[in-house]
Amino acid sequence: MEAASISHNNFEQCIKCTICTVYCPVLKVNPAFPGPKHGGPDHERLRLKNPEFYDEALKYCLNCKRCEVACPSNVKIGDIIQSARIKHQKKPGKIRDFLLAHTDFMGTMATSFAPLINPVLGLGISKAALDGVLSIDRHRAFPKYTGQKFETWMKKQAETQSRYPEQVSYFHGCYVNYNNPQLGKDLVKIFNALGIGVQMLKNEKCCGVPLISNGYIGKAQKNGKSNLKAIRESVMDKNIPIVASSSSCTFTLRDEYPHLLDIDNTEVREHIEYATRYIYRLFSNPDRIKKLKFTDRKLNVVYHVPCHMKKMGWEIYTIELLKLIPNIKLTTFDSNCCGIAGTYGFKKENYKASQEIGKPLFDMIERSGADYVVSDCETCKWQIDMSTSQTCHHPLSFLAQILTN
Amino acid sequence: MKFDTILIGGGLAGLTCGIQLVGQGKKCLIVSSGQSALHFSSGSFDLLNQVNGEAISNPIEAIDRLSILNPSHPYAKIGKANVVSYARQAKALLERTGVETVGEENKNHFRITPLGILKPTWLSVPDYAVSPDDKALPWKKVSIFNIAGFLDFHPTFICEQFEKMGTQSDILTIDTPELDILRRNPSELRATNISQLFENETAFRNLAGIMRKGRNHSEAIIIPACLGLNGNSISKLSAMIDCPVYMIPTFPPSLAGIRSQRRMMKYFQKSGGYYMLGDVVNNIQIAPDGSFQVTTGNHGDVRFCSSNLVLATGSFFSRGIVALRNKIVEPVMGLDTYSSDDRNEWYAENFFDDQKYQYYGVKTNDTFQVMKEGKVIENFYAAGAILSGFNPLKEGCGSGVSLLTALHIAGQILKK
Ligand SMILES: Cc1cc2nc3c(=O)[nH]c(=O)nc-3n(C[C@H](O)[C@H](O)[C@H](O)COP(=O)(O)OP(=O)(O)OC[C@H]3O[C@@H](n4cnc5c(N)ncnc54)[C@H](O)[C@@H]3O)c2cc1C
Ligand code: SF4
Ligand code: SF4
């Protein structure tokens with residue numbers, strides 16, 4: 001109905017209302033950050049005239065998209081900022097950023113030496129080294145690397161999984177593969193309970209989130225194209241939809257590919273889903289959903305909605321799924337960022353801001369007296385595990401734990 | 001996903017209607033594409049300030065005259081008796097959600113604008129400065145404190161206006177070390193960020209200390225509206241320095257408006273309502289049985305179904321209605337609008353004149369059901385700023401129309 005907007009990110013739709021600035025978590029704690037309105041639509045005007053106006057402080061943006069969710073004029077503020085970073089940011093240089101960005105490289109190296117690496121990463125002395133030499137903050141608890149990759153385990157399941165008449169292709173992501181194969185196994189358990197077999201994509205690559213945020217755009221595009229090829233093959237040729245267990249991988253595959261990496265995923269986008277949404281669709285068939293039998297223990301559960309989940313608006317599917325649990329008291333926290341934003345919070349220069357951003361959430365979790373804390377995003381989990389007395393669970397892992405069948 | 005009622009737009013109107021419905025056990029979903037006009041609110045809710053260009057002091061008494069002059073005004077459709085009862089219900093509903101207010105429906109009081117001018121209004125939040133009188137303030141001498149470097153508040157204008165009304169004021173500055181960090185980015189030194197900073201107890205105590213010292217026998221202290229978004233409140237500050245402290249609204253974003261929006265949203269969610277922010281309703285289908293299927297930008301082929309639908313998408317500002325070159329349209333469903341197709345009729349040359357476009361909005365019948373191609377759509381209502389037939393600015397009835405039409409519609413849905 002509206003006149004075709006002129007730019008890709010509709011920055012000219014900004015009416016300068018300042019609403020976005022109220023909801024930016026970084027602006028509250030880091031005055032060096034110009035904020036969503038200035039760094040986004042305001043400066044975009046200037047940058048178009050002269051790239052010299054690019055402000056390096058845009059690197060402090062978490063890409064949480066809370067500004068976009070609040071904007072009444074539908075300005076894609078987060079995309080504007082990320083695109084500007086891609087276009088103008090000084091090339092990445094630090095070894096630290098390389099290591100944080102290349103989750104699959106790090107993962108492959110580390111899983112091979114997991115028994116060696118894990119204790120080393122936990123040692124005070126190596127933390128000091130990471131801090132001093134690599135500027136990875138010493139307070140960070142490093143996610144543990146697994147001894148056996150999820151992919152290795154999955155390959156052994158191929159035969160059993162193929163027996164199910166209904167199939168999904170699982171985009172497991174680096175975290176499941178290298179750090180937490182149990183989450184992948186939990187997903188398989190739940191999908192199997194629903195009568196669905198799980199297979200892997202052909203040659204899955206890191207979705208690109210850490211590459212994009214650390215400035216490795218070429219590599220991200222390369223991965224993206226390869227993933228899109230595998231996804232197309234599954235969706236278009238074999239008619240098998242894609243599910244993912246990471247909210248950020250899902251968001252990247254669906255939205256950041258076209259918006260930031262110029263990868264056109266129109267044909268397959270609707271078939272890439274976060275796992276709880278896929279399961280939600282089965283609600284239309286109550287007999288099937290009844291196959292999931294949960295404990296009738298009284299459970300006090302807190303659900304933290306990750307920023308990218310909020311941006312997609314898909315927390316409603318996780319919530320509806322959790323509500324299937326008979327005696328659950330569910331409290332949802334949806335208005336705070338945990339502060340870690342992927343690899344952002346690992347960097348020494350961001351550590352303080354990262355913890356300050358998350359503090360209101362940590363306090364709410366501590367006050368909640370919850371039996372379980374649940375969240376869809378792996379990096380939110382790291383942050384919550386490290387910063388509160390609670391352990392955060394992925395909704396699928398949580399469900400798998402209380403499944404009685 | 002099935003609901004009793006889906007509300008499109010989660011501002012004052014959508015939330016009020018939703019809160020009323022979930023309170024009676026109805027399953028409700030609110031979809032809102034972004035934050036609402038409450039973010040620009042003065043901190044006061046207007047019921048009715050003017051009829052036909054004349055200021056009025058008792059809104060209820062004026063409803064009859066307004067209804068004769070403009071039978072399509074939302075208040076005329078609601079009827080005087082209902083206006084009274086809904087106005088009282090609205091105040092109680094706001095209070096239930098944690099939005100306390102002062103004021104009565106049958107007597108306007110006066111709020112103070114960011115420029116220090118008195119304007120009539122119905123309800124104000126208690127931590128804002130108000131006056132019962134339109135020509136004088138309740139104090140002879142006040143101290144006005146501004147935050148050093150804060151650009152959204154102008155004490156000199158306020159001081160000048162106060163002087164005209166016989167109130168003397170000192171202008172003082174608040175500067176605490178904690179503010180340094182915010183001032184490093186002066187253009188982002190905003191009311192909401194300042195409020196967050198003073199949630200810190202030490203900073204709050206420092207603030208109280210500065211005020212106690214600088215107060216100089218004033219009867220009241222006036223500060224910009226930049227405290228009490230979450231915790232540390234004005235009443236706590238008043239008690240600490242043993243002197244009443246009041247706030248005056250700043251330029252946007254509005255602290256009181258954002259606080260109201262948050263509290264109402266939380267209350268709605270706590271009562272079991274579903275609120276989806278940052279999502280746009282882009283299609284509505286009416287099934288053969290008269291129920292509605294709503295499609296949104298985020299949810300693709302997962303549709304939301306309901307037996308009742310309430311459109312509370314606001315006016316031009318929130319894109320509830322959109323002006324094309326020669327037409328005013330309702331963008332979601334193409335509903336009938338009350339407007340002119342001649343662009344020249346939309347506005348008067350003089351900005352301060354009664355602007356026709358302000359009256360534009362969707363057409364409804366007397367029970368606020370919307371129309372398409374002249375036909376009423378059953379169980380499909382419109383509430384709040386999207387309605388036609390009133391001028392929120394000139395008549396001073398913006399919030400009143402949102403609150404009262406929302407309650408009226410909720411009442412009809414509950415009667416079924
Ligand atoms: C700048 C400004 C200041 C004002 N100040 C005052 C004041 O101080 N006192 C007073 O009494 N009145 C004031 N008003 C009048 C104000 O309009 C009403 O008070 C009231 O807040 C309007 O509420 P509403 O819910 O009807 O609409 P809005 O608050 O406009 O809410 C509409 C919501 O619908 C959403 N929306 C729009 N289209 C879609 C879609 N397709 N899908 C999903 N969501 C959608 C929007 O994002 C928005 O959140 C002011 C108005 C403006 C514009
Ligand atoms: S919220 Fe949207 S319209 Fe308002 S200032 Fe930010 S980008 Fe501009
Ligand atoms: S994406 Fe998040 S961090 Fe970046 S500007 Fe928007 S709200 Fe701020």
# chains A, B, ... in the order shown; residues from 1 in each chain; ligands from 1
>>> residues_near_ligand(ligand="ligand 1", cutoff="8 Å", atoms="only C-alpha atoms and all ligand atoms", output="PyMOL selection string")
(chain A and resi 71-73) or (chain B and resi 8-15+31-47+121+278-282+296+312-315+317-320+331-332+383-386+392-393+396-402)
>>> closest_atom_pairs(of="chain A", to="ligand 2", cutoff="10 Å", atoms="only C-alpha atoms and all ligand atoms", output="Markdown table")
| residue | atom | partner | partner_atom_place_in_ligand_line | distance |
| --- | --- | --- | --- | --- |
| A:Asn10 | CA | ligand 2 | 7 (S) | 9.3 |
| A:Phe11 | CA | ligand 2 | 7 (S) | 7.2 |
| A:Glu12 | CA | ligand 2 | 8 (Fe) | 8.6 |
| A:Gln13 | CA | ligand 2 | 3 (S) | 6.5 |
| A:Cys14 | CA | ligand 2 | 8 (Fe) | 3.6 |
| A:Ile15 | CA | ligand 2 | 3 (S) | 4.4 |
| A:Lys16 | CA | ligand 2 | 5 (S) | 3.7 |
| A:Cys17 | CA | ligand 2 | 4 (Fe) | 3.9 |
| A:Thr18 | CA | ligand 2 | 5 (S) | 4.0 |
| A:Ile19 | CA | ligand 2 | 1 (S) | 4.3 |
| A:Cys20 | CA | ligand 2 | 1 (S) | 4.0 |
| A:Thr21 | CA | ligand 2 | 6 (Fe) | 6.6 |
| A:Val22 | CA | ligand 2 | 1 (S) | 8.8 |
| A:Tyr23 | CA | ligand 2 | 1 (S) | 9.2 |
| A:Gly35 | CA | ligand 2 | 6 (Fe) | 9.5 |
| A:Pro36 | CA | ligand 2 | 6 (Fe) | 6.6 |
| A:Lys37 | CA | ligand 2 | 6 (Fe) | 4.9 |
| A:His38 | CA | ligand 2 | 5 (S) | 8.4 |
| A:Gly39 | CA | ligand 2 | 7 (S) | 9.8 |
| A:Gly40 | CA | ligand 2 | 7 (S) | 7.1 |
| A:Pro41 | CA | ligand 2 | 7 (S) | 6.2 |
| A:Asp42 | CA | ligand 2 | 8 (Fe) | 8.2 |
| A:Cys67 | CA | ligand 2 | 1 (S) | 6.8 |
| A:Glu68 | CA | ligand 2 | 2 (Fe) | 7.2 |
| A:Val69 | CA | ligand 2 | 1 (S) | 8.9 |
| A:Ala70 | CA | ligand 2 | 1 (S) | 6.3 |
| A:Cys71 | CA | ligand 2 | 1 (S) | 3.7 |
| A:Pro72 | CA | ligand 2 | 2 (Fe) | 5.9 |
| A:Ser73 | CA | ligand 2 | 3 (S) | 4.9 |
| A:Asn74 | CA | ligand 2 | 2 (Fe) | 6.4 |
| A:Val75 | CA | ligand 2 | 7 (S) | 5.2 |
| A:Lys76 | CA | ligand 2 | 7 (S) | 7.5 |
| A:Ile77 | CA | ligand 2 | 7 (S) | 5.9 |
| A:Gly78 | CA | ligand 2 | 7 (S) | 9.4 |
| A:Ile80 | CA | ligand 2 | 7 (S) | 9.9 |
>>> interface_residues(of="chain B", to="chain A", cutoff="10 Å", atoms="only C-alpha atoms", output="number ranges by chain")
B: 1, 32-37, 39-40, 180-194, 196-197, 252-255, 258, 269-270, 274-280, 297-302, 317-319, 322-325, 329-332, 334
>>> residues_around(residues="stretch 345-352 of chain B", least_positions_apart="5", cutoff="12 Å", atoms="only C-alpha atoms", output="VMD selection string")
chain B and resid 53 323 to 328 338 to 340 357 to 360 393 to 394
>>> write_last_selection(atoms="N, CA and C atoms", output="PDB file, in the first residue's frame")
ATOM      1  N   GLY B  53     -14.439  24.796  20.261  1.00  0.00           N
ATOM      2  CA  GLY B  53     -13.487  25.872  20.492  1.00  0.00           C
ATOM      3  C   GLY B  53     -13.563  26.525  21.864  1.00  0.00           C
ATOM      4  N   ALA B 323      -2.068   8.111   4.734  1.00  0.00           N
ATOM      5  CA  ALA B 323      -2.482   9.049   3.689  1.00  0.00           C
ATOM      6  C   ALA B 323      -1.739   8.743   2.398  1.00  0.00           C
ATOM      7  N   LEU B 324      -2.468   8.371   1.373  1.00  0.00           N
ATOM      8  CA  LEU B 324      -1.877   8.270   0.035  1.00  0.00           C
ATOM      9  C   LEU B 324      -2.068   9.631  -0.625  1.00  0.00           C
ATOM     10  N   ARG B 325      -1.707   9.750  -1.900  1.00  0.00           N
ATOM     11  CA  ARG B 325      -1.758  11.072  -2.514  1.00  0.00           C
ATOM     12  C   ARG B 325      -3.140  11.721  -2.408  1.00  0.00           C
ATOM     13  N   ASN B 326      -4.182  10.959  -2.772  1.00  0.00           N
ATOM     14  CA  ASN B 326      -5.511  11.553  -2.736  1.00  0.00           C
ATOM     15  C   ASN B 326      -6.522  10.729  -1.973  1.00  0.00           C
ATOM     16  N   LYS B 327      -6.027   9.990  -1.026  1.00  0.00           N
ATOM     17  CA  LYS B 327      -6.919   9.068  -0.341  1.00  0.00           C
ATOM     18  C   LYS B 327      -6.380   8.745   1.035  1.00  0.00           C
ATOM     19  N   ILE B 328      -7.292   8.548   1.959  1.00  0.00           N
ATOM     20  CA  ILE B 328      -6.877   8.092   3.293  1.00  0.00           C
ATOM     21  C   ILE B 328      -7.326   6.645   3.401  1.00  0.00           C
ATOM     22  N   TYR B 338     -13.616   7.475   7.099  1.00  0.00           N
ATOM     23  CA  TYR B 338     -14.277   8.764   6.990  1.00  0.00           C
ATOM     24  C   TYR B 338     -13.184   9.751   6.644  1.00  0.00           C
ATOM     25  N   SER B 339     -13.221  10.285   5.411  1.00  0.00           N
ATOM     26  CA  SER B 339     -12.163  11.195   4.965  1.00  0.00           C
ATOM     27  C   SER B 339     -12.609  11.821   3.643  1.00  0.00           C
ATOM     28  N   SER B 340     -11.795  12.723   3.146  1.00  0.00           N
ATOM     29  CA  SER B 340     -12.135  13.325   1.863  1.00  0.00           C
ATOM     30  C   SER B 340     -11.123  12.851   0.822  1.00  0.00           C
ATOM     31  N   TYR B 357      -8.019  16.726   8.955  1.00  0.00           N
ATOM     32  CA  TYR B 357      -7.441  15.368   8.927  1.00  0.00           C
ATOM     33  C   TYR B 357      -7.440  14.724  10.310  1.00  0.00           C
ATOM     34  N   GLN B 358      -7.462  15.551  11.343  1.00  0.00           N
ATOM     35  CA  GLN B 358      -7.485  15.020  12.696  1.00  0.00           C
ATOM     36  C   GLN B 358      -8.756  14.195  12.956  1.00  0.00           C
ATOM     37  N   TYR B 359      -9.830  14.521  12.229  1.00  0.00           N
ATOM     38  CA  TYR B 359     -11.100  13.812  12.433  1.00  0.00           C
ATOM     39  C   TYR B 359     -11.164  12.526  11.620  1.00  0.00           C
ATOM     40  N   TYR B 360     -10.196  12.332  10.727  1.00  0.00           N
ATOM     41  CA  TYR B 360     -10.260  11.172   9.831  1.00  0.00           C
ATOM     42  C   TYR B 360      -9.902   9.883  10.560  1.00  0.00           C
ATOM     43  N   LEU B 393      -6.397  16.503  19.489  1.00  0.00           N
ATOM     44  CA  LEU B 393      -5.569  17.652  19.842  1.00  0.00           C
ATOM     45  C   LEU B 393      -6.433  18.830  20.264  1.00  0.00           C
ATOM     46  N   LYS B 394      -7.340  19.212  19.344  1.00  0.00           N
ATOM     47  CA  LYS B 394      -8.170  20.394  19.562  1.00  0.00           C
ATOM     48  C   LYS B 394      -9.151  20.192  20.713  1.00  0.00           C
TER      49      LYS B 394
END
>>> select_by_dssp(residues="stretch 4-107 of chain B", states="alpha helix (DSSP H)", output="PyMOL selection string")
chain B and resi 12-23+59-69+74-78+80-96
>>> residues_around(residues="A:Ser248", least_positions_apart="6", cutoff="10 Å", atoms="only C-alpha atoms", output="JSON, numbers by chain")
{"A": [173, 207, 208, 209, 254, 256, 274, 306, 307, 308, 309, 312, 341, 342, 376, 377, 378, 379]}
>>> atom_distance(atom1="atom CA of A:His271", atom2="atom CA of A:Leu403")
27.1 Å
>>> atom_distance(atom1="atom CA of B:Lys135", atom2="atom CA of B:Ala62")
21.6 Å
>>> select_by_dssp(residues="stretch 203-379 of chain A", states="strand (DSSP E)", output="list in words")
Ile242, Val243, Ala244, Ile272, Glu273, Tyr274, Leu299, Asn300, Val301, Val302, Tyr303, His304, Ile328, Lys329, Leu330, Thr331, Thr332, Phe333, Tyr372, Val373, Val374 and Ser375 of chain A
>>> residues_around(residues="stretch 159-171 of chain B", least_positions_apart="2", cutoff="9 Å", atoms="only C-alpha atoms", output="PyMOL selection string")
chain B and resi 115-117+135-146+154-157+173+215-216+218
>>> write_last_selection(atoms="N, CA and C atoms", output="short mmCIF file (atom, residue, chain, number, x, y, z; two decimals), in the first residue's frame")
data_model
loop_
_atom_site.label_atom_id
_atom_site.label_comp_id
_atom_site.auth_asym_id
_atom_site.auth_seq_id
_atom_site.Cartn_x
_atom_site.Cartn_y
_atom_site.Cartn_z
N LEU B 115 6.91 23.39 28.50
CA LEU B 115 7.24 24.81 28.40
C LEU B 115 6.64 25.63 29.54
N GLY B 116 6.03 24.95 30.50
CA GLY B 116 5.56 25.64 31.70
C GLY B 116 4.14 26.19 31.59
N ILE B 117 3.42 25.81 30.55
CA ILE B 117 2.06 26.34 30.37
C ILE B 117 1.05 25.37 30.97
N LYS B 135 -5.07 29.47 36.47
CA LYS B 135 -4.30 30.72 36.42
C LYS B 135 -3.21 30.81 37.47
N ALA B 136 -3.22 29.88 38.41
CA ALA B 136 -2.23 29.97 39.48
C ALA B 136 -1.75 28.58 39.86
N LEU B 137 -0.60 28.56 40.50
CA LEU B 137 -0.02 27.29 40.94
C LEU B 137 -0.21 27.16 42.44
N PRO B 138 -0.14 25.95 42.97
CA PRO B 138 -0.36 25.78 44.41
C PRO B 138 0.80 26.25 45.29
N TRP B 139 1.87 26.78 44.70
CA TRP B 139 3.03 27.20 45.51
C TRP B 139 3.40 28.64 45.21
N LYS B 140 3.98 29.29 46.23
CA LYS B 140 4.48 30.66 46.02
C LYS B 140 5.94 30.63 45.58
N LYS B 141 6.66 29.64 46.09
CA LYS B 141 8.06 29.56 45.71
C LYS B 141 8.50 28.10 45.53
N VAL B 142 9.15 27.84 44.41
CA VAL B 142 9.65 26.48 44.15
C VAL B 142 11.12 26.53 43.73
N SER B 143 11.78 25.38 43.83
CA SER B 143 13.13 25.23 43.28
C SER B 143 13.05 24.29 42.09
N ILE B 144 13.52 24.77 40.95
CA ILE B 144 13.52 23.90 39.77
C ILE B 144 14.94 23.38 39.57
N PHE B 145 15.09 22.08 39.64
CA PHE B 145 16.41 21.47 39.42
C PHE B 145 16.43 20.83 38.03
N ASN B 146 17.48 21.09 37.29
CA ASN B 146 17.66 20.31 36.05
C ASN B 146 18.92 19.47 36.17
N HIS B 154 13.62 22.51 29.88
CA HIS B 154 14.04 23.91 29.80
C HIS B 154 13.52 24.75 30.94
N PRO B 155 14.26 24.76 32.06
CA PRO B 155 13.79 25.45 33.27
C PRO B 155 13.53 26.95 33.06
N THR B 156 14.30 27.60 32.17
CA THR B 156 14.09 29.05 32.04
C THR B 156 12.70 29.37 31.51
N PHE B 157 12.22 28.59 30.54
CA PHE B 157 10.85 28.81 30.04
C PHE B 157 9.85 28.61 31.16
N THR B 173 21.07 23.22 39.46
CA THR B 173 21.54 22.11 38.62
C THR B 173 21.90 20.91 39.47
N ARG B 215 17.67 23.56 48.27
CA ARG B 215 16.23 23.83 48.29
C ARG B 215 15.88 25.25 48.74
N ASN B 216 16.57 25.79 49.72
CA ASN B 216 16.40 27.18 50.11
C ASN B 216 14.95 27.58 50.41
N SER B 218 12.07 26.54 49.68
CA SER B 218 10.99 26.41 48.70
C SER B 218 9.91 25.49 49.24
#
>>> atom_distance(atom1="atom CA of A:Tyr278", atom2="atom CA of A:Leu322")
13.9 Å
>>> closest_residue(among="A:Ile279, A:Leu58, A:Cys64, A:Cys338", to="ligand 3", atoms="only C-alpha atoms and all ligand atoms")
A:Cys64
>>> residues_around(residues="stretch 387-392 of chain A", least_positions_apart="2", cutoff="10 Å", atoms="only C-alpha atoms", output="PyMOL selection string")
chain A and resi 139-141+302-304+338+355+358-359+361-366+369-378+380-385+394-395+398
